[in-house]
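Engineer: Data file my_file-v7.txt (compact mmCIF, C-alpha atoms and all ligand atoms) is appended below.
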```txt
# COMPACT_ATOMS: atom_id res chain seq x y z
CA MET C 1 11.27 -15.98 29.75
CA THR C 2 8.71 -16.08 26.91
CA PRO C 3 7.42 -19.49 25.74
CA LEU C 4 9.07 -18.85 22.37
CA ALA C 5 12.44 -18.18 24.06
CA HIS C 6 12.23 -21.71 25.53
CA ARG C 7 11.52 -23.17 22.15
CA ILE C 8 14.36 -21.28 20.45
CA ARG C 9 16.80 -22.38 23.16
CA THR C 10 15.81 -25.99 22.63
CA LEU C 11 16.32 -25.64 18.89
CA ILE C 12 19.73 -23.97 19.37
CA SER C 13 20.94 -26.63 21.80
CA ARG C 14 19.87 -29.32 19.35
CA ASP C 15 20.97 -27.77 16.03
CA GLY C 16 23.49 -25.04 16.94
CA ALA C 17 23.26 -21.31 16.21
CA MET C 18 20.10 -20.28 14.35
CA PRO C 19 20.19 -17.95 11.29
CA VAL C 20 18.79 -14.47 12.09
CA GLU C 21 16.27 -15.08 9.31
CA ARG C 22 14.85 -18.14 11.11
CA PHE C 23 14.89 -16.30 14.46
CA MET C 24 12.88 -13.40 12.99
CA ALA C 25 10.49 -15.77 11.20
CA LEU C 26 9.79 -17.62 14.46
CA CYS C 27 9.44 -14.40 16.48
CA LEU C 28 6.83 -13.02 14.09
CA GLY C 29 5.19 -16.10 12.64
CA ASP C 30 5.55 -19.12 14.93
CA PRO C 31 2.02 -20.61 14.82
CA ASP C 32 1.79 -20.88 18.62
CA HIS C 33 3.86 -18.00 19.96
CA GLY C 34 4.69 -15.67 17.01
CA TYR C 35 4.18 -11.96 17.64
CA TYR C 36 1.42 -11.48 15.03
CA MET C 37 -0.25 -14.81 15.58
CA ASN C 38 -2.35 -14.12 18.63
CA ARG C 39 -2.53 -10.41 19.25
CA ASP C 40 -3.67 -7.05 17.87
CA PRO C 41 -0.52 -4.93 18.20
CA PHE C 42 -1.88 -1.61 16.93
CA GLY C 43 -2.92 1.62 18.54
CA ARG C 44 -2.29 3.49 21.72
CA ALA C 45 -2.54 0.41 23.95
CA GLY C 46 -0.45 -1.66 21.54
CA ASP C 47 3.13 -1.50 20.34
CA PHE C 48 2.96 0.76 17.30
CA ILE C 49 0.59 2.82 15.16
CA THR C 50 0.38 2.76 11.39
CA ALA C 51 -0.82 5.38 8.89
CA PRO C 52 -4.35 3.97 8.41
CA GLU C 53 -4.76 3.99 12.20
CA VAL C 54 -3.62 7.63 12.36
CA SER C 55 -6.39 8.86 10.07
CA GLN C 56 -9.11 7.74 7.67
CA MET C 57 -7.62 10.24 5.19
CA PHE C 58 -4.85 7.76 4.38
CA GLY C 59 -7.26 5.12 3.03
CA GLU C 60 -9.47 7.75 1.42
CA LEU C 61 -6.61 9.22 -0.60
CA ILE C 62 -5.44 5.75 -1.63
CA ALA C 63 -9.01 5.17 -2.85
CA MET C 64 -8.63 8.13 -5.23
CA TRP C 65 -5.30 6.74 -6.41
CA CYS C 66 -6.89 3.32 -7.05
CA ILE C 67 -9.80 4.83 -9.01
CA ASP C 68 -7.40 6.83 -11.14
CA PHE C 69 -5.31 3.77 -12.01
CA TRP C 70 -8.38 1.60 -12.61
CA ARG C 71 -9.67 4.17 -15.12
CA ARG C 72 -6.29 4.32 -16.84
CA LEU C 73 -6.54 0.52 -17.16
CA SER C 74 -9.93 1.06 -18.91
CA ALA C 75 -11.96 0.15 -15.83
CA PRO C 76 -11.65 -3.68 -15.82
CA GLU C 77 -14.37 -5.68 -14.12
CA PRO C 78 -13.74 -7.46 -11.89
CA LEU C 79 -10.66 -5.78 -10.48
CA ARG C 80 -8.86 -7.87 -7.89
CA LEU C 81 -8.18 -5.45 -5.08
CA VAL C 82 -5.58 -7.20 -2.94
CA GLU C 83 -4.07 -6.06 0.34
CA LEU C 84 -1.00 -7.70 1.84
CA GLY C 85 -0.85 -7.66 5.64
CA PRO C 86 -4.03 -5.61 6.26
CA GLY C 87 -3.58 -5.32 10.05
CA ARG C 88 -6.96 -4.35 11.45
CA GLY C 89 -8.55 -3.92 8.03
CA THR C 90 -8.80 -0.17 8.53
CA LEU C 91 -7.16 0.89 5.26
CA MET C 92 -9.38 -1.39 3.16
CA THR C 93 -12.52 -0.22 4.97
CA ASP C 94 -11.71 3.50 4.53
CA LEU C 95 -10.72 2.89 0.91
CA VAL C 96 -13.88 1.04 -0.11
CA ARG C 97 -16.16 3.42 1.79
CA ALA C 98 -14.59 6.50 0.17
CA ALA C 99 -14.46 4.94 -3.30
CA GLY C 100 -18.11 3.85 -3.08
CA LYS C 101 -19.17 7.43 -2.42
CA VAL C 102 -17.26 8.97 -5.31
CA VAL C 103 -17.26 6.26 -7.98
CA PRO C 104 -19.74 3.49 -7.13
CA ALA C 105 -18.80 1.66 -10.35
CA PHE C 106 -15.26 1.22 -9.01
CA ALA C 107 -16.46 -0.16 -5.68
CA ALA C 108 -18.80 -2.50 -7.55
CA ALA C 109 -15.96 -3.75 -9.76
CA CYS C 110 -13.72 -4.57 -6.79
CA ASP C 111 -13.26 -8.19 -5.81
CA ILE C 112 -11.43 -7.94 -2.51
CA HIS C 113 -8.71 -10.31 -1.32
CA LEU C 114 -6.79 -10.00 1.91
CA VAL C 115 -3.50 -11.82 2.43
CA ASP C 116 -2.58 -12.37 6.06
CA THR C 117 -0.99 -15.19 8.03
CA SER C 118 -2.24 -14.13 11.46
CA PRO C 119 -5.39 -15.88 12.66
CA ALA C 120 -5.90 -13.19 15.33
CA LEU C 121 -5.66 -10.30 12.86
CA ARG C 122 -7.77 -12.10 10.26
CA GLU C 123 -10.50 -12.25 12.84
CA VAL C 124 -10.21 -8.51 13.49
CA GLN C 125 -10.23 -7.85 9.72
CA GLN C 126 -13.31 -10.02 9.24
CA ARG C 127 -15.14 -8.15 11.97
CA THR C 128 -14.10 -4.71 10.61
CA LEU C 129 -15.13 -5.47 7.03
CA ALA C 130 -18.32 -7.32 7.90
CA GLY C 131 -19.31 -4.41 10.15
CA VAL C 132 -19.58 -2.16 7.10
CA GLY C 133 -20.86 -4.80 4.71
CA ILE C 134 -17.69 -5.34 2.67
CA ALA C 135 -17.29 -8.86 1.25
CA ALA C 136 -13.76 -10.24 0.99
CA ARG C 137 -11.79 -13.48 0.81
CA TRP C 138 -8.69 -14.35 2.80
CA HIS C 139 -5.48 -16.10 1.75
CA ASP C 140 -2.15 -16.84 3.38
CA ARG C 141 -0.15 -16.05 0.22
CA LEU C 142 -0.46 -13.62 -2.69
CA GLU C 143 -0.06 -16.55 -5.06
CA LYS C 144 -3.43 -17.93 -3.97
CA CYS C 145 -5.39 -14.84 -5.10
CA PRO C 146 -7.29 -15.48 -8.34
CA THR C 147 -5.80 -14.15 -11.57
CA GLY C 148 -7.08 -11.04 -13.35
CA PRO C 149 -6.27 -7.34 -13.47
CA SER C 150 -5.26 -6.25 -10.00
CA ILE C 151 -4.21 -3.53 -7.61
CA VAL C 152 -2.06 -4.85 -4.77
CA ILE C 153 -1.55 -2.66 -1.70
CA ALA C 154 1.11 -3.24 0.93
CA ASN C 155 1.41 -0.72 3.77
CA GLU C 156 3.99 -1.64 6.41
CA PHE C 157 3.96 -5.21 5.16
CA PHE C 158 7.48 -5.65 3.75
CA ASP C 159 9.13 -4.41 6.98
CA ALA C 160 7.60 -7.42 8.76
CA LEU C 161 9.17 -9.98 6.42
CA PRO C 162 12.16 -11.88 7.81
CA ILE C 163 15.62 -10.74 6.73
CA ARG C 164 18.87 -12.63 6.39
CA GLN C 165 21.87 -10.82 7.89
CA TYR C 166 25.47 -11.04 6.74
CA ALA C 167 28.45 -9.84 8.77
CA ARG C 168 31.80 -8.83 7.30
CA THR C 169 34.43 -10.63 9.41
CA ALA C 170 38.22 -10.73 9.13
CA ASP C 171 37.70 -13.92 7.11
CA GLY C 172 35.17 -12.41 4.71
CA TRP C 173 31.38 -12.38 4.73
CA ARG C 174 29.51 -14.79 7.01
CA GLU C 175 25.82 -15.27 7.65
CA ARG C 176 24.75 -13.96 11.05
CA GLY C 177 22.98 -16.12 13.57
CA VAL C 178 21.62 -16.17 17.09
CA THR C 179 22.97 -18.40 19.85
CA VAL C 180 23.01 -18.62 23.64
CA GLY C 181 25.98 -16.85 25.26
CA ALA C 182 28.06 -17.71 28.34
CA ASP C 183 25.70 -15.50 30.39
CA ASN C 184 22.85 -17.74 29.25
CA ARG C 185 21.23 -14.97 27.17
CA PHE C 186 20.67 -14.85 23.43
CA CYS C 187 23.46 -13.16 21.49
CA PHE C 188 24.52 -12.71 17.87
CA THR C 189 27.18 -14.92 16.34
CA THR C 190 28.42 -15.76 12.85
CA LEU C 191 27.52 -19.05 11.28
CA PRO C 192 30.38 -21.25 10.06
CA GLY C 193 31.28 -21.46 6.41
CA PRO C 194 31.56 -18.87 3.65
CA VAL C 195 28.47 -17.36 2.07
CA ASP C 196 27.64 -17.55 -1.62
CA PRO C 197 29.49 -14.53 -3.10
CA ALA C 198 26.42 -13.80 -5.25
CA ALA C 199 24.52 -12.96 -2.04
CA ILE C 200 26.56 -9.80 -1.47
CA PRO C 201 26.28 -7.08 -4.15
CA GLY C 202 29.53 -5.73 -5.59
CA THR C 203 28.93 -2.29 -4.08
CA ILE C 204 28.75 -3.82 -0.58
CA ALA C 205 31.35 -6.59 -0.83
CA GLY C 206 34.30 -4.32 0.03
CA ALA C 207 32.77 -2.93 3.26
CA ALA C 208 34.99 -2.81 6.36
CA THR C 209 35.15 -5.58 8.95
CA GLY C 210 32.14 -5.31 11.26
CA ALA C 211 29.73 -4.19 8.55
CA ILE C 212 26.29 -5.82 8.49
CA PHE C 213 24.31 -6.34 5.30
CA GLU C 214 20.63 -7.36 5.20
CA ARG C 215 18.49 -9.01 2.55
CA SER C 216 14.96 -10.35 2.67
CA PRO C 217 14.43 -13.54 0.65
CA ALA C 218 10.75 -13.39 1.66
CA ALA C 219 10.44 -9.91 0.10
CA ALA C 220 12.12 -11.21 -3.06
CA GLN C 221 9.53 -14.01 -3.16
CA VAL C 222 6.68 -11.49 -2.99
CA ILE C 223 8.17 -9.58 -5.94
CA ALA C 224 8.47 -12.89 -7.84
CA ASP C 225 4.80 -13.62 -7.05
CA LEU C 226 3.85 -10.14 -8.29
CA ALA C 227 5.84 -10.72 -11.47
CA LYS C 228 3.92 -13.95 -12.08
CA ARG C 229 0.57 -12.20 -11.60
CA PHE C 230 1.55 -9.25 -13.76
CA SER C 231 2.89 -11.43 -16.58
CA ALA C 232 -0.63 -12.82 -17.06
CA ASP C 233 -2.76 -9.71 -16.39
CA PRO C 234 -2.14 -5.98 -16.00
CA GLY C 235 -1.72 -4.64 -12.52
CA ILE C 236 0.07 -2.45 -10.05
CA ALA C 237 1.52 -2.85 -6.58
CA LEU C 238 1.59 0.12 -4.21
CA ILE C 239 4.28 -0.44 -1.59
CA ILE C 240 4.55 1.96 1.35
CA ASP C 241 7.09 1.42 4.10
CA TYR C 242 10.10 2.92 5.79
CA GLY C 243 13.67 2.58 4.75
CA PRO C 244 16.31 4.37 2.70
CA GLY C 245 15.83 5.12 -0.97
CA ARG C 246 19.22 3.59 -1.82
CA SER C 247 20.67 0.21 -0.89
CA GLY C 248 23.51 0.17 1.60
CA HIS C 249 24.90 -1.75 4.51
CA GLY C 250 24.00 -1.25 8.15
CA GLU C 251 21.97 -3.08 10.72
CA THR C 252 18.30 -2.09 10.78
CA LEU C 253 16.66 -5.01 12.57
CA GLN C 254 14.75 -3.39 15.41
CA ALA C 255 12.24 -4.20 18.12
CA LEU C 256 9.33 -2.13 19.41
CA SER C 257 7.28 -2.71 22.51
CA GLY C 258 4.69 -0.27 23.86
CA HIS C 259 5.85 2.38 21.31
CA ARG C 260 9.44 2.18 22.66
CA PRO C 261 12.58 0.56 21.24
CA ALA C 262 13.29 -2.82 22.84
CA GLY C 263 16.08 -5.41 22.67
CA VAL C 264 15.90 -7.41 19.44
CA LEU C 265 16.84 -10.67 21.17
CA GLU C 266 14.87 -10.09 24.35
CA ARG C 267 11.38 -11.49 24.83
CA PRO C 268 11.10 -13.34 21.47
CA GLY C 269 7.51 -13.40 20.23
CA ALA C 270 6.40 -10.66 22.64
CA VAL C 271 7.91 -7.64 20.84
CA ASP C 272 7.48 -6.42 17.27
CA LEU C 273 10.49 -7.01 15.01
CA THR C 274 10.98 -5.08 11.77
CA ALA C 275 13.75 -4.18 9.38
CA HIS C 276 14.07 -1.28 6.96
CA VAL C 277 12.80 -1.96 3.47
CA ASP C 278 15.41 -1.76 0.73
CA PHE C 279 13.39 -0.02 -1.99
CA GLU C 280 16.25 0.04 -4.50
CA TYR C 281 16.51 -3.73 -4.16
CA LEU C 282 12.75 -4.27 -4.64
CA ILE C 283 12.72 -2.00 -7.71
CA GLY C 284 15.77 -3.78 -9.14
CA LEU C 285 14.14 -7.17 -8.65
CA GLY C 286 10.93 -5.95 -10.27
CA ARG C 287 12.83 -4.72 -13.33
CA GLN C 288 14.79 -8.00 -13.55
CA HIS C 289 11.43 -9.73 -13.76
CA GLY C 290 10.43 -7.43 -16.64
CA LEU C 291 8.15 -5.20 -14.57
CA GLU C 292 8.16 -1.40 -14.47
CA ALA C 293 8.78 0.61 -11.33
CA HIS C 294 8.23 4.18 -10.13
CA GLY C 295 9.62 5.99 -7.10
CA PRO C 296 10.57 6.03 -4.36
CA VAL C 297 8.85 9.26 -3.33
CA PRO C 298 8.36 10.32 0.29
CA GLN C 299 4.90 9.49 1.66
CA GLY C 300 4.26 13.22 2.17
CA VAL C 301 4.83 13.96 -1.52
CA PHE C 302 2.51 11.09 -2.48
CA LEU C 303 -0.33 12.16 -0.14
CA ASN C 304 -0.04 15.84 -1.06
CA ALA C 305 -0.17 14.99 -4.76
CA LEU C 306 -3.37 13.03 -4.11
CA GLY C 307 -5.00 16.08 -2.55
CA LEU C 308 -4.39 15.81 1.20
CA ALA C 309 -4.92 19.54 1.75
CA ALA C 310 -8.36 19.48 0.07
CA ARG C 311 -9.30 16.37 2.05
CA VAL C 312 -8.37 18.16 5.31
CA GLU C 313 -10.58 21.09 4.24
CA THR C 314 -13.60 18.92 3.43
CA LEU C 315 -13.32 16.87 6.61
CA SER C 316 -12.89 19.99 8.74
CA ASN C 317 -15.88 21.84 7.29
CA GLY C 318 -18.48 22.54 9.90
CA THR C 319 -16.58 20.86 12.74
CA ASP C 320 -15.46 22.45 16.02
CA GLY C 321 -11.98 23.76 16.76
CA ALA C 322 -10.77 20.63 18.56
CA THR C 323 -11.80 18.36 15.67
CA ARG C 324 -10.13 20.69 13.17
CA ARG C 325 -6.90 20.64 15.16
CA ALA C 326 -7.02 16.84 15.39
CA ILE C 327 -7.47 16.56 11.60
CA ALA C 328 -4.62 19.01 10.95
CA SER C 329 -2.35 17.17 13.35
CA ALA C 330 -3.15 13.80 11.74
CA ALA C 331 -2.34 15.28 8.33
CA GLU C 332 0.95 16.61 9.70
CA ARG C 333 1.77 13.22 11.16
CA LEU C 334 1.07 11.46 7.85
CA ALA C 335 2.76 13.93 5.54
CA GLY C 336 4.98 16.25 7.62
CA GLY C 337 8.70 16.51 6.91
CA GLN C 338 9.74 15.43 10.40
CA GLN C 339 7.36 12.51 10.62
CA MET C 340 5.97 9.66 8.51
CA GLY C 341 5.81 12.02 5.53
CA GLN C 342 9.57 11.88 5.14
CA HIS C 343 10.58 8.56 6.75
CA PHE C 344 8.04 6.54 4.83
CA LYS C 345 8.44 6.05 1.12
CA VAL C 346 6.22 4.95 -1.71
CA ILE C 347 7.09 2.82 -4.71
CA MET C 348 4.87 1.38 -7.41
CA ILE C 349 5.61 -1.70 -9.46
CA THR C 350 3.47 -2.36 -12.52
CA SER C 351 3.04 -4.94 -15.23
CA HIS C 352 5.02 -4.22 -18.38
CA GLY C 353 3.32 -1.57 -20.49
CA ALA C 354 0.80 -0.63 -17.80
CA PRO C 355 -0.34 3.00 -17.63
CA VAL C 356 1.86 5.33 -15.60
CA PRO C 357 0.21 5.83 -12.18
CA GLU C 358 -0.28 9.06 -10.25
CA PRO C 359 1.60 11.01 -9.03
CA PHE C 360 4.12 10.04 -11.73
CA ALA C 361 1.66 10.45 -14.61
CA SER C 362 1.23 14.17 -13.94
CA ALA C 363 4.87 14.83 -12.94
CA PRO C 364 6.32 17.71 -14.97
N1 LIG Q 1 -1.02 -2.81 6.80
C1 LIG Q 1 -1.44 -2.73 8.18
C2 LIG Q 1 -0.67 -3.62 9.13
C3 LIG Q 1 0.83 -3.66 9.11
S1 LIG Q 1 1.48 -4.82 10.28
C4 LIG Q 1 -1.43 -1.27 8.64
O1 LIG Q 1 -0.86 -0.46 7.93
O2 LIG Q 1 -1.98 -0.99 9.69
C5 LIG Q 1 1.88 -6.21 9.30
C6 LIG Q 1 0.73 -7.05 8.83
O3 LIG Q 1 1.26 -8.09 8.00
C7 LIG Q 1 -0.08 -7.79 9.91
O4 LIG Q 1 -1.41 -7.82 9.53
C8 LIG Q 1 0.53 -9.20 9.90
O5 LIG Q 1 -0.33 -10.19 10.39
C9 LIG Q 1 0.82 -9.38 8.43
N2 LIG Q 1 1.91 -10.30 8.10
C10 LIG Q 1 3.13 -10.36 8.66
N3 LIG Q 1 3.90 -11.28 8.03
C11 LIG Q 1 3.15 -11.79 7.03
C12 LIG Q 1 3.38 -12.76 6.01
N4 LIG Q 1 4.55 -13.38 5.91
N5 LIG Q 1 2.39 -13.03 5.14
C13 LIG Q 1 1.19 -12.40 5.23
N6 LIG Q 1 0.91 -11.47 6.18
C14 LIG Q 1 1.87 -11.17 7.07
```
Any chance you could put this one into structure tokens?

Structural biologist:
Amino acid sequence: MTPLAHRIRTLISRDGAMPVERFMALCLGDPDHGYYMNRDPFGRAGDFITAPEVSQMFGELIAMWCIDFWRRLSAPEPLRLVELGPGRGTLMTDLVRAAGKVVPAFAAACDIHLVDTSPALREVQQRTLAGVGIAARWHDRLEKCPTGPSIVIANEFFDALPIRQYARTADGWRERGVTVGADNRFCFTTLPGPVDPAAIPGTIAGAATGAIFERSPAAAQVIADLAKRFSADPGIALIIDYGPGRSGHGETLQALSGHRPAGVLERPGAVDLTAHVDFEYLIGLGRQHGLEAHGPVPQGVFLNALGLAARVETLSNGTDGATRRAIASAAERLAGGQQMGQHFKVIMITSHGAPVPEPFASAP
């Protein structure tokens, strides 16, 4: 049993069943035993691989996107370049390196802020950035980043935010929780008492018994924090993650361990837990706050519009056959229809009246 499993059992025997939201928050963020708190989960030897870890082209193309938007904003100085959940710091490093080569004035204008709650990953990020001479500051919340015009980037960040789950029972909607079953293992249960009807959208409320509906209050908080930033200064958030384009019901909480699906309730704190991102919900929240939103578009469409094919060409020039094949296969992985290119989606949320970003600005 993991140390966190012990702790969760103790909490359940003291307080009763635990909301799924609290379970997920502990699994990922418990200061002593949370999944992200003391490990580097990325790469071949880890549990999963993300787009910046697949290829430097991901960060390089996002650099071009940033430069374009910065120019449309009339090139403010300083520009707060903020990344939420930067993992190993790979995306930021590739971005700044590529931007510095093409438009040094942009790199010089950037004041970099990284938002991460994991001490272990912050250490990795510090090492990565310092290794290439990039100065940055760290925060545990977006709210703590200084004000000013900003670009906020979040790749595979929202999927790691805890979700609340609701289950449609014969007696109506109930919040879902985790308890200890007769076999002494963790199992799902429903928490007593009705839920606030406002929590379930009208389009979902009539779903059949057994349906599960998920919402992330933590994601809503991030959008509220963005709205606060963008009410004072112009800015844009680039959000890339996986999930459906339209809201719906269905259980998407999932666990990964060593690149394989694992039991969500097994080995708390030792496996990665994520849930699909509800882009329609995030966009709706942004608009309620008076922001503007674009997308979703599939990641492949976004990267191709930014010039992925040309980037593959340039990188491949003068290299041997094996390197060329590796570059082509990374591009396929990032943008291909069967892979991240289709499953991952991109949305952009901007301050009211901000310029329209690429690829939407040049859409026919
Ligand atoms: N963007 C990176 C890593 C994605 S993994 C990449 O694409 O490779 C999720 C990242 O979010 C990790 O760095 C993790 O430590 C961080 N994180 C998770 N929950 C967080 C929270 N509530 N606040 C800030 N950072 C968080």

Engineer: Quick one: residues within 7 Å of ligand LIG 1 (chain Q), with only C-alpha atoms and all ligand atoms, as a PDB file with C-alpha atoms, keeping the file's coordinate frame?

Structural biologist:
```
ATOM      1  CA  LEU C  28       6.830 -13.020  14.090  1.00  0.00           C
ATOM      2  CA  GLY C  29       5.190 -16.100  12.640  1.00  0.00           C
ATOM      3  CA  TYR C  36       1.420 -11.480  15.030  1.00  0.00           C
ATOM      4  CA  MET C  37      -0.250 -14.810  15.580  1.00  0.00           C
ATOM      5  CA  THR C  50       0.380   2.760  11.390  1.00  0.00           C
ATOM      6  CA  ALA C  51      -0.820   5.380   8.890  1.00  0.00           C
ATOM      7  CA  PRO C  52      -4.350   3.970   8.410  1.00  0.00           C
ATOM      8  CA  GLU C  53      -4.760   3.990  12.200  1.00  0.00           C
ATOM      9  CA  LEU C  84      -1.000  -7.700   1.840  1.00  0.00           C
ATOM     10  CA  GLY C  85      -0.850  -7.660   5.640  1.00  0.00           C
ATOM     11  CA  PRO C  86      -4.030  -5.610   6.260  1.00  0.00           C
ATOM     12  CA  GLY C  87      -3.580  -5.320  10.050  1.00  0.00           C
ATOM     13  CA  ARG C  88      -6.960  -4.350  11.450  1.00  0.00           C
ATOM     14  CA  THR C  90      -8.800  -0.170   8.530  1.00  0.00           C
ATOM     15  CA  LEU C  91      -7.160   0.890   5.260  1.00  0.00           C
ATOM     16  CA  VAL C 115      -3.500 -11.820   2.430  1.00  0.00           C
ATOM     17  CA  ASP C 116      -2.580 -12.370   6.060  1.00  0.00           C
ATOM     18  CA  THR C 117      -0.990 -15.190   8.030  1.00  0.00           C
ATOM     19  CA  SER C 118      -2.240 -14.130  11.460  1.00  0.00           C
ATOM     20  CA  LEU C 121      -5.660 -10.300  12.860  1.00  0.00           C
ATOM     21  CA  ASP C 140      -2.150 -16.840   3.380  1.00  0.00           C
ATOM     22  CA  ARG C 141      -0.150 -16.050   0.220  1.00  0.00           C
ATOM     23  CA  ALA C 154       1.110  -3.240   0.930  1.00  0.00           C
ATOM     24  CA  ASN C 155       1.410  -0.720   3.770  1.00  0.00           C
ATOM     25  CA  GLU C 156       3.990  -1.640   6.410  1.00  0.00           C
ATOM     26  CA  PHE C 157       3.960  -5.210   5.160  1.00  0.00           C
ATOM     27  CA  ALA C 160       7.600  -7.420   8.760  1.00  0.00           C
ATOM     28  CA  LEU C 161       9.170  -9.980   6.420  1.00  0.00           C
TER      29      LEU C 161
END
```

Engineer: Could you check which of C:Ala220, C:Leu334, C:Met18, C:Ile212 is closest to Ala309 (chain C), using all atoms listed in the file?

Structural biologist: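 Selected residue with least distance to Ala309 (chain C): C:Leu334.
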
Engineer: State, in Å with one decimal place, the distance from CA of Ser329 (chain C) to CA of Gly100 (chain C).

Structural biologist: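 If I compute the distance from CA of Ser329 (chain C) to CA of Gly100 (chain C), I get 26.4 Å.
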
Engineer: Using CA of Val271 (chain C) and CA of Gly258 (chain C) as the two end points, give the distance in Å to one decimal.

Structural biologist: 8.6 Å

Engineer: Identify which of the residues C:Leu81, C:Ala120, C:Met92, C:Val312 lies closest to Leu142 (chain C), counting only C-alpha atoms when measuring atom-to-atom distances.

Structural biologist: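 Nearest candidate to Leu142 (chain C) out of C:Leu81, C:Ala120, C:Met92, C:Val312: C:Leu81.
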
Engineer: Using all atoms listed in the file, pick whichever of C:Ala75, C:Ala198, C:Cys110, C:Met348 has the shortest atom-to-atom distance to Ile240 (chain C).

Structural biologist: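 So, comparing all the options, the nearest one is C:Met348.
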
Engineer: In terms of the shortest atom-to-atom distance over only C-alpha atoms, which of C:Ala224, C:His249, C:Ala330, C:Tyr242 is closest to Arg287 (chain C)?

Structural biologist: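 Going through C:Ala224, C:His249, C:Ala330, C:Tyr242 one by one, the smallest distance to Arg287 (chain C) is for C:Ala224.
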
Engineer: Is it possible to add all heavy atoms to region 120-125 of chain C and hand it back as a PDB file, in the coordinates of the input?

Structural biologist:
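Dumped everything to selection-v8.pdb:
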```
ATOM      1  N   ALA C 120      -5.322 -14.214  14.451  1.00  0.00           N
ATOM      2  CA  ALA C 120      -5.900 -13.190  15.330  1.00  0.00           C
ATOM      3  C   ALA C 120      -6.273 -11.952  14.524  1.00  0.00           C
ATOM      4  O   ALA C 120      -7.370 -11.390  14.681  1.00  0.00           O
ATOM      5  CB  ALA C 120      -4.913 -12.827  16.425  1.00  0.00           C
ATOM      6  N   LEU C 121      -5.369 -11.518  13.628  1.00  0.00           N
ATOM      7  CA  LEU C 121      -5.660 -10.300  12.860  1.00  0.00           C
ATOM      8  C   LEU C 121      -6.702 -10.559  11.782  1.00  0.00           C
ATOM      9  O   LEU C 121      -7.514  -9.685  11.474  1.00  0.00           O
ATOM     10  CB  LEU C 121      -4.376  -9.706  12.288  1.00  0.00           C
ATOM     11  CG  LEU C 121      -3.535  -9.016  13.374  1.00  0.00           C
ATOM     12  CD1 LEU C 121      -2.173  -8.607  12.853  1.00  0.00           C
ATOM     13  CD2 LEU C 121      -4.260  -7.788  13.921  1.00  0.00           C
ATOM     14  N   ARG C 122      -6.717 -11.776  11.228  1.00  0.00           N
ATOM     15  CA  ARG C 122      -7.770 -12.100  10.260  1.00  0.00           C
ATOM     16  C   ARG C 122      -9.144 -11.951  10.906  1.00  0.00           C
ATOM     17  O   ARG C 122     -10.086 -11.465  10.267  1.00  0.00           O
ATOM     18  CB  ARG C 122      -7.631 -13.540   9.803  1.00  0.00           C
ATOM     19  CG  ARG C 122      -6.689 -13.717   8.670  1.00  0.00           C
ATOM     20  CD  ARG C 122      -6.825 -15.142   8.190  1.00  0.00           C
ATOM     21  NE  ARG C 122      -5.826 -15.452   7.214  1.00  0.00           N
ATOM     22  CZ  ARG C 122      -5.938 -16.454   6.343  1.00  0.00           C
ATOM     23  NH1 ARG C 122      -7.008 -17.225   6.349  1.00  0.00           N
ATOM     24  NH2 ARG C 122      -4.980 -16.683   5.484  1.00  0.00           N
ATOM     25  N   GLU C 123      -9.226 -12.355  12.140  1.00  0.00           N
ATOM     26  CA  GLU C 123     -10.500 -12.250  12.840  1.00  0.00           C
ATOM     27  C   GLU C 123     -10.903 -10.779  12.991  1.00  0.00           C
ATOM     28  O   GLU C 123     -12.049 -10.402  12.760  1.00  0.00           O
ATOM     29  CB  GLU C 123     -10.345 -12.907  14.206  1.00  0.00           C
ATOM     30  CG  GLU C 123     -11.578 -13.612  14.686  1.00  0.00           C
ATOM     31  CD  GLU C 123     -11.323 -14.232  16.039  1.00  0.00           C
ATOM     32  OE1 GLU C 123     -10.509 -15.176  16.104  1.00  0.00           O
ATOM     33  OE2 GLU C 123     -11.909 -13.735  17.030  1.00  0.00           O
ATOM     34  N   VAL C 124      -9.932  -9.946  13.370  1.00  0.00           N
ATOM     35  CA  VAL C 124     -10.210  -8.510  13.490  1.00  0.00           C
ATOM     36  C   VAL C 124     -10.636  -7.950  12.132  1.00  0.00           C
ATOM     37  O   VAL C 124     -11.612  -7.195  12.030  1.00  0.00           O
ATOM     38  CB  VAL C 124      -8.952  -7.744  14.012  1.00  0.00           C
ATOM     39  CG1 VAL C 124      -9.226  -6.252  14.094  1.00  0.00           C
ATOM     40  CG2 VAL C 124      -8.500  -8.290  15.355  1.00  0.00           C
ATOM     41  N   GLN C 125      -9.906  -8.345  11.069  1.00  0.00           N
ATOM     42  CA  GLN C 125     -10.230  -7.850   9.720  1.00  0.00           C
ATOM     43  C   GLN C 125     -11.649  -8.268   9.325  1.00  0.00           C
ATOM     44  O   GLN C 125     -12.410  -7.472   8.774  1.00  0.00           O
ATOM     45  CB  GLN C 125      -9.225  -8.407   8.696  1.00  0.00           C
ATOM     46  CG  GLN C 125      -7.813  -7.874   8.880  1.00  0.00           C
ATOM     47  CD  GLN C 125      -6.734  -8.844   8.386  1.00  0.00           C
ATOM     48  OE1 GLN C 125      -7.014  -9.751   7.600  1.00  0.00           O
ATOM     49  NE2 GLN C 125      -5.505  -8.660   8.849  1.00  0.00           N
TER      50      GLN C 125
END
```
